[in-house]
$ cat coords.txt   # compact mmCIF, C-alpha atoms (C1' of nucleotides)
# COMPACT_ATOMS: atom_id res chain seq x y z
CA MET A 71 -7.28 6.94 -0.69
CA SER A 72 -8.31 3.36 -0.30
CA ALA A 73 -9.70 2.10 -3.56
CA ARG A 74 -12.74 0.54 -1.90
CA PRO A 75 -15.62 0.52 -1.26
CA PHE A 76 -16.64 1.64 -4.73
CA ALA A 77 -19.72 3.77 -4.40
CA ASN A 78 -20.07 3.01 -8.04
CA ALA A 79 -18.53 -0.06 -9.48
CA ILE A 80 -18.75 1.70 -12.80
CA GLU A 81 -15.52 3.54 -12.12
CA LEU A 82 -13.80 0.35 -11.21
CA LEU A 83 -14.74 -1.28 -14.49
CA ARG A 84 -13.95 1.77 -16.59
CA ALA A 85 -10.52 1.98 -14.98
CA ALA A 86 -9.98 -1.61 -16.00
CA GLY A 87 -11.05 -0.88 -19.54
CA LEU A 88 -14.18 -3.00 -19.24
CA ARG A 89 -17.62 -1.92 -20.35
CA PRO A 90 -19.85 -1.57 -17.36
CA THR A 91 -22.47 -4.10 -18.32
CA ARG A 92 -25.25 -5.31 -16.10
CA GLN A 93 -23.51 -8.62 -15.43
CA ARG A 94 -20.10 -7.17 -14.69
CA LEU A 95 -21.53 -4.53 -12.39
CA ALA A 96 -23.47 -7.11 -10.44
CA LEU A 97 -20.48 -9.43 -10.15
CA ALA A 98 -18.19 -6.58 -9.11
CA ARG A 99 -20.59 -5.62 -6.36
CA LEU A 100 -21.03 -9.17 -5.15
CA LEU A 101 -17.30 -9.63 -5.05
CA PHE A 102 -16.05 -6.34 -3.71
CA ASP A 103 -18.82 -4.88 -1.59
CA LYS A 104 -18.37 -7.10 1.40
CA GLY A 105 -14.76 -7.26 2.40
CA ASP A 106 -12.25 -9.94 1.57
CA ARG A 107 -13.73 -13.05 0.07
CA HIS A 108 -12.63 -16.40 -1.29
CA VAL A 109 -15.18 -17.66 -3.76
CA THR A 110 -15.53 -20.28 -6.41
CA ALA A 111 -17.09 -19.58 -9.78
CA GLU A 112 -20.14 -21.67 -8.88
CA GLN A 113 -20.54 -19.71 -5.69
CA ILE A 114 -20.83 -16.22 -7.14
CA HIS A 115 -22.88 -17.64 -9.96
CA GLY A 116 -25.29 -18.86 -7.31
CA GLU A 117 -25.24 -15.52 -5.52
CA ALA A 118 -25.97 -13.68 -8.73
CA GLN A 119 -28.93 -15.95 -9.44
CA ALA A 120 -30.17 -15.45 -5.91
CA ALA A 121 -29.96 -11.71 -6.49
CA SER A 122 -31.99 -12.15 -9.68
CA VAL A 123 -29.17 -11.05 -11.92
CA PRO A 124 -29.30 -13.09 -15.07
CA VAL A 125 -25.77 -14.22 -15.75
CA SER A 126 -24.44 -17.40 -17.28
CA LEU A 127 -21.64 -19.45 -15.83
CA ALA A 128 -19.59 -18.73 -18.95
CA THR A 129 -19.85 -15.03 -18.24
CA VAL A 130 -18.91 -15.58 -14.63
CA TYR A 131 -15.70 -17.29 -15.75
CA ASN A 132 -15.01 -14.63 -18.38
CA THR A 133 -15.51 -11.89 -15.86
CA LEU A 134 -13.41 -13.49 -13.15
CA HIS A 135 -10.55 -13.85 -15.58
CA GLN A 136 -10.88 -10.29 -16.74
CA PHE A 137 -10.82 -9.12 -13.14
CA ILE A 138 -7.70 -11.16 -12.55
CA ALA A 139 -6.04 -9.64 -15.62
CA ALA A 140 -6.97 -6.20 -14.29
CA GLY A 141 -5.42 -6.99 -10.92
CA LEU A 142 -8.72 -6.78 -9.07
CA LEU A 143 -8.72 -10.44 -8.17
CA ARG A 144 -6.27 -13.21 -7.56
CA GLU A 145 -6.54 -16.93 -8.12
CA VAL A 146 -5.57 -19.31 -5.35
CA VAL A 147 -4.93 -22.94 -6.15
CA VAL A 148 -5.06 -25.32 -3.23
CA ASN A 149 -6.51 -28.46 -4.67
CA SER A 150 -6.70 -29.60 -8.20
CA GLY A 151 -10.06 -29.48 -9.77
CA ARG A 152 -11.34 -26.25 -8.24
CA SER A 153 -10.17 -22.65 -8.27
CA TYR A 154 -10.73 -20.06 -5.60
CA PHE A 155 -10.85 -16.38 -6.40
CA ASP A 156 -9.56 -14.06 -3.73
CA THR A 157 -10.67 -10.45 -3.59
CA ASN A 158 -7.69 -9.58 -1.41
CA VAL A 159 -4.92 -8.74 -3.83
CA SER A 160 -2.49 -7.42 -1.27
CA ASP A 161 0.54 -9.42 -0.22
CA HIS A 162 -0.66 -12.25 1.99
CA HIS A 163 -0.86 -16.01 2.40
CA HIS A 164 -3.44 -18.63 3.32
CA PHE A 165 -4.63 -21.20 5.78
CA PHE A 166 -6.43 -24.01 4.00
CA PHE A 167 -8.82 -26.20 5.96
CA GLU A 168 -8.45 -29.56 4.31
CA ASN A 169 -11.66 -31.00 5.68
CA SER A 170 -14.01 -28.16 4.82
CA GLY A 171 -12.22 -26.69 1.83
CA ARG A 172 -12.27 -23.26 3.45
CA LEU A 173 -9.57 -20.70 2.83
CA VAL A 174 -8.58 -17.97 5.29
CA ASP A 175 -6.20 -15.07 4.77
CA ILE A 176 -3.03 -14.67 6.77
CA PRO A 177 -1.75 -11.10 6.68
CA GLY A 178 1.48 -10.87 4.74
CA ASP A 179 3.49 -9.79 7.74
CA HIS A 180 2.42 -12.80 9.78
CA VAL A 181 4.47 -15.16 7.67
CA ALA A 182 8.04 -14.28 6.96
CA VAL A 183 9.74 -16.24 4.23
CA THR A 184 13.37 -15.52 4.79
CA SER A 185 16.35 -16.66 2.75
CA LEU A 186 14.45 -17.07 -0.48
CA PRO A 187 16.67 -18.93 -2.91
CA ALA A 188 17.69 -17.12 -6.07
CA PRO A 189 15.37 -17.90 -8.96
CA PRO A 190 16.80 -20.23 -11.62
CA ALA A 191 18.88 -18.50 -14.28
CA GLY A 192 16.79 -16.64 -16.80
CA THR A 193 13.76 -16.41 -14.58
CA ALA A 194 12.23 -13.88 -12.25
CA ILE A 195 9.99 -14.49 -9.27
CA ARG A 196 6.41 -13.62 -10.06
CA ARG A 197 4.93 -14.56 -6.73
CA VAL A 198 5.52 -16.63 -3.62
CA ASP A 199 2.57 -18.60 -2.32
CA VAL A 200 2.56 -20.00 1.17
CA ILE A 201 -0.28 -22.36 2.00
CA ILE A 202 -0.59 -23.65 5.52
CA ARG A 203 -2.73 -26.76 5.36
CA VAL A 204 -4.57 -27.41 8.59
CA GLU A 205 -6.86 -30.16 9.74
CA PRO A 206 -8.99 -30.67 12.84
CA ALA A 207 -6.68 -31.17 15.81
CA ALA A 208 -6.49 -34.72 17.15
CA GLY A 209 -9.34 -35.40 19.53
CA GLU A 210 -11.81 -32.90 18.11
CA MET B 206 20.42 -46.60 5.59
CA SER B 207 18.91 -44.73 2.65
CA ALA B 208 15.80 -46.46 1.49
CA ARG B 209 16.72 -46.21 -2.17
CA PRO B 210 17.59 -47.43 -4.70
CA PHE B 211 15.46 -50.52 -4.21
CA ALA B 212 17.27 -53.42 -5.72
CA ASN B 213 13.89 -55.00 -5.64
CA ALA B 214 10.81 -52.90 -5.54
CA ILE B 215 9.10 -55.93 -4.10
CA GLU B 216 10.30 -55.05 -0.61
CA LEU B 217 9.03 -51.54 -1.01
CA LEU B 218 5.56 -52.71 -1.90
CA ARG B 219 5.45 -55.39 0.76
CA ALA B 220 6.45 -52.84 3.38
CA ALA B 221 3.54 -50.72 2.24
CA GLY B 222 1.18 -53.66 2.49
CA LEU B 223 0.64 -53.79 -1.24
CA ARG B 224 0.78 -56.95 -3.30
CA PRO B 225 3.71 -56.79 -5.69
CA THR B 226 1.81 -57.02 -8.93
CA ARG B 227 3.29 -56.52 -12.36
CA GLN B 228 1.76 -53.07 -12.71
CA ARG B 229 2.77 -51.81 -9.31
CA LEU B 230 6.30 -53.09 -9.68
CA ALA B 231 6.69 -51.40 -13.02
CA LEU B 232 5.29 -48.12 -11.75
CA ALA B 233 7.44 -48.22 -8.63
CA ARG B 234 10.53 -48.69 -10.76
CA LEU B 235 9.59 -45.94 -13.18
CA LEU B 236 8.96 -43.60 -10.29
CA PHE B 237 11.75 -44.40 -7.89
CA ASP B 238 14.63 -45.71 -9.93
CA LYS B 239 15.80 -42.43 -11.33
CA GLY B 240 16.07 -39.87 -8.61
CA ASP B 241 13.57 -37.19 -7.66
CA ARG B 242 10.81 -36.73 -10.15
CA HIS B 243 7.68 -34.66 -10.62
CA VAL B 244 5.28 -36.50 -12.84
CA THR B 245 1.67 -36.35 -13.87
CA ALA B 246 -0.51 -39.43 -14.10
CA GLU B 247 -0.59 -39.20 -17.89
CA GLN B 248 3.19 -39.02 -17.94
CA ILE B 249 3.99 -42.25 -16.12
CA HIS B 250 1.13 -43.91 -17.91
CA GLY B 251 2.89 -42.97 -21.13
CA GLU B 252 6.23 -44.19 -19.80
CA ALA B 253 4.71 -47.50 -18.80
CA GLN B 254 3.22 -47.96 -22.25
CA ALA B 255 6.54 -47.07 -23.81
CA ALA B 256 8.13 -49.74 -21.63
CA SER B 257 5.53 -52.21 -22.85
CA VAL B 258 3.97 -52.63 -19.44
CA PRO B 259 0.25 -53.05 -19.89
CA VAL B 260 -1.37 -50.77 -17.36
CA SER B 261 -4.54 -48.75 -17.50
CA LEU B 262 -4.86 -45.14 -16.51
CA ALA B 263 -7.25 -46.16 -13.73
CA THR B 264 -4.56 -48.38 -12.26
CA VAL B 265 -2.02 -45.59 -12.54
CA TYR B 266 -4.28 -43.35 -10.46
CA ASN B 267 -5.04 -46.10 -7.97
CA THR B 268 -1.38 -46.86 -7.57
CA LEU B 269 -0.30 -43.25 -7.21
CA HIS B 270 -2.85 -42.76 -4.47
CA GLN B 271 -1.78 -45.91 -2.69
CA PHE B 272 1.82 -44.74 -2.85
CA ILE B 273 0.79 -41.41 -1.38
CA ALA B 274 -1.08 -43.14 1.43
CA ALA B 275 2.03 -45.20 2.08
CA GLY B 276 4.17 -42.07 2.25
CA LEU B 277 6.20 -43.00 -0.80
CA LEU B 278 4.91 -40.13 -2.86
CA ARG B 279 3.54 -36.66 -2.33
CA GLU B 280 1.05 -34.65 -4.31
CA VAL B 281 1.86 -31.10 -5.33
CA VAL B 282 -0.89 -28.77 -6.48
CA VAL B 283 0.22 -25.74 -8.43
CA ASN B 284 -2.48 -25.19 -10.97
CA SER B 285 -6.03 -26.30 -11.03
CA GLY B 286 -6.89 -29.15 -13.27
CA ARG B 287 -3.67 -31.14 -12.97
CA SER B 288 -1.82 -32.89 -10.18
CA TYR B 289 1.88 -33.49 -9.93
CA PHE B 290 3.29 -36.42 -8.01
CA ASP B 291 6.61 -35.83 -6.34
CA THR B 292 8.89 -38.73 -5.47
CA ASN B 293 10.78 -36.58 -3.01
CA VAL B 294 8.90 -36.91 0.26
CA SER B 295 11.42 -35.12 2.41
CA ASP B 296 10.77 -31.62 3.68
CA HIS B 297 11.18 -29.24 0.78
CA HIS B 298 9.45 -26.65 -1.41
CA HIS B 299 9.11 -25.84 -5.11
CA PHE B 300 9.88 -23.52 -7.94
CA PHE B 301 7.08 -23.56 -10.49
CA PHE B 302 7.80 -22.39 -14.04
CA GLU B 303 4.54 -20.85 -15.10
CA ASN B 304 5.26 -20.92 -18.79
CA SER B 305 6.42 -24.51 -19.11
CA GLY B 306 4.54 -26.06 -16.21
CA ARG B 307 7.77 -27.49 -14.83
CA LEU B 308 8.35 -28.05 -11.13
CA VAL B 309 11.76 -28.02 -9.45
CA ASP B 310 12.62 -28.92 -5.89
CA ILE B 311 14.07 -26.41 -3.47
CA PRO B 312 15.79 -28.11 -0.56
CA GLY B 313 13.89 -27.52 2.66
CA ASP B 314 16.69 -25.57 4.26
CA HIS B 315 16.86 -23.13 1.37
CA VAL B 316 13.56 -21.57 2.30
CA ALA B 317 12.98 -20.60 5.87
CA VAL B 318 9.46 -19.78 6.85
CA THR B 319 9.83 -18.00 10.13
CA SER B 320 7.14 -16.68 12.42
CA LEU B 321 4.48 -19.10 11.32
CA PRO B 322 1.17 -17.91 12.70
CA ALA B 323 -0.60 -20.18 15.16
CA PRO B 324 -3.13 -22.43 13.45
CA PRO B 325 -6.77 -21.46 14.00
CA ALA B 326 -8.30 -22.85 17.20
CA GLY B 327 -9.12 -26.52 16.99
CA THR B 328 -6.77 -27.18 14.10
CA ALA B 329 -3.28 -28.50 13.65
CA ILE B 330 -0.85 -27.78 10.86
CA ARG B 331 -0.55 -30.72 8.51
CA ARG B 332 1.88 -29.20 6.09
CA VAL B 333 3.25 -25.91 4.85
CA ASP B 334 3.67 -25.54 1.10
CA VAL B 335 5.79 -22.81 -0.37
CA ILE B 336 5.57 -22.36 -4.12
CA ILE B 337 7.81 -19.83 -5.79
CA ARG B 338 6.24 -19.03 -9.13
CA VAL B 339 8.78 -17.93 -11.68
CA GLU B 340 8.53 -16.75 -15.27
CA PRO B 341 11.09 -15.96 -17.95
CA ALA B 342 12.99 -12.83 -16.95
CA ALA B 343 12.11 -9.69 -18.89
CA GLY B 344 14.03 -9.56 -22.14
CA GLU B 345 14.48 -13.30 -22.58
C1' DT C 345 -4.83 -77.20 -6.24
C1' DT C 346 -8.76 -74.47 -4.94
C1' DA C 347 -10.77 -70.73 -2.38
C1' DT C 348 -10.37 -66.30 -1.18
C1' DT C 349 -9.19 -61.85 -1.38
C1' DG C 350 -7.14 -58.26 -3.59
C1' DT C 351 -6.05 -56.09 -8.30
C1' DT C 352 -6.79 -54.58 -12.88
C1' DT C 353 -9.49 -53.03 -16.60
C1' DA C 354 -12.54 -50.84 -20.19
C1' DG C 355 -15.49 -47.84 -20.47
C1' DA C 356 -19.05 -45.01 -18.53
C1' DG C 357 -19.61 -41.06 -15.60
C1' DC C 358 -18.58 -36.79 -13.33
C1' DT C 359 -16.95 -32.00 -12.41
C1' DA C 360 -14.82 -27.86 -13.39
C1' DT C 361 -13.83 -25.22 -17.03
C1' DT C 362 -13.51 -23.55 -21.92
C1' DC C 363 -15.20 -23.11 -26.55
C1' DT C 364 -18.45 -21.86 -30.31
C1' DA C 365 -21.31 -19.34 -32.92
C1' DA C 366 -25.47 -16.91 -32.50
C1' DT C 367 -27.78 -13.15 -30.27
C1' DC C 368 -27.74 -9.02 -27.83
C1' DT C 369 -26.07 -4.40 -25.92
C1' DA C 370 -23.09 -0.42 -24.99
C1' DT C 371 -20.86 3.06 -27.36
C1' DT C 372 -19.76 6.00 -31.21
C1' DG C 373 -20.52 9.12 -34.79
C1' DA C 374 -23.66 11.30 -37.85
C1' DT D 870 -31.80 10.34 -31.90
C1' DC D 871 -30.55 6.45 -34.44
C1' DA D 872 -27.89 3.34 -37.05
C1' DA D 873 -23.43 1.01 -37.31
C1' DT D 874 -20.09 -1.49 -34.98
C1' DA D 875 -17.30 -3.33 -31.66
C1' DG D 876 -17.65 -5.77 -27.77
C1' DA D 877 -20.40 -8.80 -24.38
C1' DT D 878 -23.38 -12.52 -23.23
C1' DT D 879 -25.41 -16.90 -23.81
C1' DA D 880 -26.85 -21.93 -24.19
C1' DG D 881 -25.15 -25.74 -24.97
C1' DA D 882 -21.56 -28.64 -26.77
C1' DA D 883 -16.89 -29.90 -25.95
C1' DT D 884 -12.84 -30.98 -23.28
C1' DA D 885 -9.63 -32.44 -19.63
C1' DG D 886 -8.56 -34.80 -15.73
C1' DC D 887 -9.93 -37.80 -12.78
C1' DT D 888 -13.15 -41.40 -10.39
C1' DC D 889 -16.46 -45.10 -10.48
C1' DT D 890 -18.42 -49.65 -11.66
C1' DA D 891 -18.76 -54.26 -12.24
C1' DA D 892 -16.64 -57.94 -14.48
C1' DA D 893 -12.34 -60.52 -15.44
C1' DC D 894 -8.00 -61.69 -13.50
C1' DA D 895 -3.97 -62.79 -10.45
C1' DA D 896 -1.62 -63.35 -5.98
C1' DT D 897 -1.70 -65.63 -1.71
C1' DA D 898 -3.30 -68.91 1.83
C1' DA D 899 -4.83 -73.27 3.06

$ encode --input "coords.txt" --output "structure tokens"
Amino acid sequence: MSARPFANAIELLRAAGLRPTRQRLALARLLFDKGDRHVTAEQIHGEAQAASVPVSLATVYNTLHQFIAAGLLREVVVNSGRSYFDTNVSDHHHFFFENSGRLVDIPGDHVAVTSLPAPPAGTAIRRVDVIIRVEPAAGE
Amino acid sequence: MSARPFANAIELLRAAGLRPTRQRLALARLLFDKGDRHVTAEQIHGEAQAASVPVSLATVYNTLHQFIAAGLLREVVVNSGRSYFDTNVSDHHHFFFENSGRLVDIPGDHVAVTSLPAPPAGTAIRRVDVIIRVEPAAGE
DNA sequence: TTATTGTTTAGAGCTATTCTAATCTATTGA
DNA sequence: TCAATAGATTAGAATAGCTCTAAACAATAA
């Protein structure tokens, strides 16, 4: 029932209408074969290189955006100048460690946003992002 | 009691330990003399030019960051690659219009985040950001 | 005043990301 | 199976937003 793990990432790509190329298969496996991850483009590019998969940074960006469009990935913006890609596309929020730049999931039901205001006239809510910014506690 | 409007921005700067220079005075007035604003660096730079105040973009960035450090301004990150500076430093959240890139304040008491999870061990919560991303309603 | 310290500036530099146009590859149809 | 074609990948240039540098300048203190 659960969509993952994908014994073959090929199905995943086909379902998204993407040709299962060498690069996309490798990136899909790096992203989805080890649980929930928060990665930057540079990061998976590095991992792909380390795994001897020849893939350019341009392709990494293309692929990440295609995965987002297909609903396989979600972009999290916490600081300008760098995007994180989150493999957990279920309803949830984030802790952001301001000193290390690390991002950690908070299950959706652990943060309740009650009394949401009505969206401005003519608009619909697309998503609600809650980011809890934390820093080392005083005296650590 | 309210800190604004500042008949003279000079006091504001002095209180922040910043020399009241021509550039800083002009920027303070552009920022704080007309209610709550969400501006980008390029934007106030443009406004300053339009007002014939000679100020470089580097100074605009320096000044914005000094104002943030002084608690006069707050940075809001909604999309990578661009920062917004919010003159409203009271507790509140935001609507973000994904198509136009516009940001609108939501008073703090119009969004209640209940059951905040405990911060990870060794950390303290610095701030909680709630961003409600809206888009034009279907059929508009 | 002058000395000192803080501020501003132009322009170079940097980082993350996107674009371009050429090459390559998966798929399709014969 | 093989060619045709639509789609994918690539290196490298380009861009955007922001920061840095080191020299000129301006506010304050003495």

$ interface_residues --input "coords.txt" --of "chain A" --to "chain C" --cutoff "12 Å" --atoms "only C-alpha atoms (C1' of nucleotides)" --output "JSON, numbers by chain"
{"A": [88, 89, 90, 91, 92, 93, 110, 111, 112, 127, 128, 129, 130, 131, 132, 135, 150, 151, 152, 153, 154]}

$ residues_around --input "coords.txt" --residues "A:Val123" --least-positions-apart "3" --cutoff "8 Å" --atoms "all atoms listed in the file" --output "VMD selection string"
chain A and resid 93 96 118 to 120

$ closest_atom_pairs --input "coords.txt" --of "chain A" --to "chain B" --cutoff "9 Å" --atoms "all atoms listed in the file" --output "JSON lines"
{"residue": "A:Val146", "atom": "CA", "partner": "B:Asn284", "partner_atom": "CA", "distance": 8.7}
{"residue": "A:Val147", "atom": "CA", "partner": "B:Asn284", "partner_atom": "CA", "distance": 5.9}
{"residue": "A:Val148", "atom": "CA", "partner": "B:Val282", "partner_atom": "CA", "distance": 6.3}
{"residue": "A:Asn149", "atom": "CA", "partner": "B:Val282", "partner_atom": "CA", "distance": 5.9}
{"residue": "A:Ser150", "atom": "CA", "partner": "B:Ser285", "partner_atom": "CA", "distance": 4.4}
{"residue": "A:Gly151", "atom": "CA", "partner": "B:Gly286", "partner_atom": "CA", "distance": 4.7}
{"residue": "A:Arg152", "atom": "CA", "partner": "B:Ser285", "partner_atom": "CA", "distance": 6.0}
{"residue": "A:Ser153", "atom": "CA", "partner": "B:Ser285", "partner_atom": "CA", "distance": 6.2}
{"residue": "A:Phe165", "atom": "CA", "partner": "B:Pro324", "partner_atom": "CA", "distance": 7.9}
{"residue": "A:Phe167", "atom": "CA", "partner": "B:Thr328", "partner_atom": "CA", "distance": 8.5}
{"residue": "A:Ile176", "atom": "CA", "partner": "B:Pro322", "partner_atom": "CA", "distance": 8.0}
{"residue": "A:His180", "atom": "CA", "partner": "B:Pro322", "partner_atom": "CA", "distance": 6.0}
{"residue": "A:Val181", "atom": "CA", "partner": "B:Leu321", "partner_atom": "CA", "distance": 5.4}
{"residue": "A:Ala182", "atom": "CA", "partner": "B:Thr319", "partner_atom": "CA", "distance": 5.2}
{"residue": "A:Val183", "atom": "CA", "partner": "B:Val318", "partner_atom": "CA", "distance": 4.4}
{"residue": "A:Thr184", "atom": "CA", "partner": "B:Ala317", "partner_atom": "CA", "distance": 5.2}
{"residue": "A:Ser185", "atom": "CA", "partner": "B:Val316", "partner_atom": "CA", "distance": 5.7}
{"residue": "A:Leu186", "atom": "CA", "partner": "B:Val316", "partner_atom": "CA", "distance": 5.4}
{"residue": "A:Pro187", "atom": "CA", "partner": "B:His315", "partner_atom": "CA", "distance": 6.0}
{"residue": "A:Pro189", "atom": "CA", "partner": "B:Val339", "partner_atom": "CA", "distance": 7.1}
{"residue": "A:Pro190", "atom": "CA", "partner": "B:Val339", "partner_atom": "CA", "distance": 8.3}
{"residue": "A:Ala191", "atom": "CA", "partner": "B:Ala342", "partner_atom": "CA", "distance": 8.6}
{"residue": "A:Gly192", "atom": "CA", "partner": "B:Ala342", "partner_atom": "CA", "distance": 5.4}
{"residue": "A:Thr193", "atom": "CA", "partner": "B:Pro341", "partner_atom": "CA", "distance": 4.3}
{"residue": "A:Ala194", "atom": "CA", "partner": "B:Ala342", "partner_atom": "CA", "distance": 4.9}
{"residue": "A:Ile195", "atom": "CA", "partner": "B:Val339", "partner_atom": "CA", "distance": 4.4}
{"residue": "A:Arg196", "atom": "CA", "partner": "B:Val339", "partner_atom": "CA", "distance": 5.2}
{"residue": "A:Arg197", "atom": "CA", "partner": "B:Arg338", "partner_atom": "CA", "distance": 5.2}
{"residue": "A:Val198", "atom": "CA", "partner": "B:Ile337", "partner_atom": "CA", "distance": 4.5}
{"residue": "A:Asp199", "atom": "CA", "partner": "B:Ile336", "partner_atom": "CA", "distance": 5.1}
{"residue": "A:Val200", "atom": "CA", "partner": "B:Val335", "partner_atom": "CA", "distance": 4.5}
{"residue": "A:Ile201", "atom": "CA", "partner": "B:Asp334", "partner_atom": "CA", "distance": 5.2}
{"residue": "A:Ile202", "atom": "CA", "partner": "B:Val333", "partner_atom": "CA", "distance": 4.5}
{"residue": "A:Arg203", "atom": "CA", "partner": "B:Arg332", "partner_atom": "CA", "distance": 5.3}
{"residue": "A:Val204", "atom": "CA", "partner": "B:Ile330", "partner_atom": "CA", "distance": 4.4}
{"residue": "A:Glu205", "atom": "CA", "partner": "B:Thr328", "partner_atom": "CA", "distance": 5.3}
{"residue": "A:Pro206", "atom": "CA", "partner": "B:Thr328", "partner_atom": "CA", "distance": 4.3}
{"residue": "A:Ala207", "atom": "CA", "partner": "B:Thr328", "partner_atom": "CA", "distance": 4.3}
{"residue": "A:Ala208", "atom": "CA", "partner": "B:Ala329", "partner_atom": "CA", "distance": 7.8}
{"residue": "A:Glu210", "atom": "CA", "partner": "B:Gly327", "partner_atom": "CA", "distance": 7.0}

$ atom_distance --input "coords.txt" --atom1 "atom CA of B:Ser305" --atom2 "atom CA of B:Asp291"
17.1 Å

$ atom_distance --input "coords.txt" --atom1 "atom CA of B:Asp310" --atom2 "atom CA of B:Gly240"
11.8 Å

$ atom_distance --input "coords.txt" --atom1 "atom CA of A:Phe155" --atom2 "atom CA of A:Val109"
5.2 Å

$ interface_residues --input "coords.txt" --of "chain D" --to "chain A" --cutoff "12 Å" --atoms "only C-alpha atoms (C1' of nucleotides)" --output "PyMOL selection string"
chain D and resi 875-881+885-887

$ write_last_selection --input "coords.txt" --atoms "C-alpha atoms (C1' of nucleotides)" --output "PDB file, in the frame of the given file"
ATOM      1  C1'  DA D 875     -17.300  -3.330 -31.660  1.00  0.00           C
ATOM      2  C1'  DG D 876     -17.650  -5.770 -27.770  1.00  0.00           C
ATOM      3  C1'  DA D 877     -20.400  -8.800 -24.380  1.00  0.00           C
ATOM      4  C1'  DT D 878     -23.380 -12.520 -23.230  1.00  0.00           C
ATOM      5  C1'  DT D 879     -25.410 -16.900 -23.810  1.00  0.00           C
ATOM      6  C1'  DA D 880     -26.850 -21.930 -24.190  1.00  0.00           C
ATOM      7  C1'  DG D 881     -25.150 -25.740 -24.970  1.00  0.00           C
ATOM      8  C1'  DA D 885      -9.630 -32.440 -19.630  1.00  0.00           C
ATOM      9  C1'  DG D 886      -8.560 -34.800 -15.730  1.00  0.00           C
ATOM     10  C1'  DC D 887      -9.930 -37.800 -12.780  1.00  0.00           C
TER      11       DC D 887
END

$ residues_near_point --input "coords.txt" --point "(9.9, -54.1, -9.2)" --cutoff "6 Å" --atoms "only C-alpha atoms (C1' of nucleotides)" --output "list of chain:residue names"
B:Asn213, B:Ala214, B:Ile215, B:Leu230, B:Ala231, B:Arg234

$ axis_aligned_box --input "coords.txt" --around "stretch 355-373 of chain C" --padding-each-side "3 Å" --output "JSON"
{"center_x": -20.6, "center_y": -19.4, "center_z": -23.6, "size_x": 20.3, "size_y": 63.0, "size_z": 28.4}

$ closest_residue --input "coords.txt" --among "B:Val294, B:Ala233, B:Leu217, B:Ile249" --to "B:Gly276" --atoms "all atoms listed in the file"
B:Val294
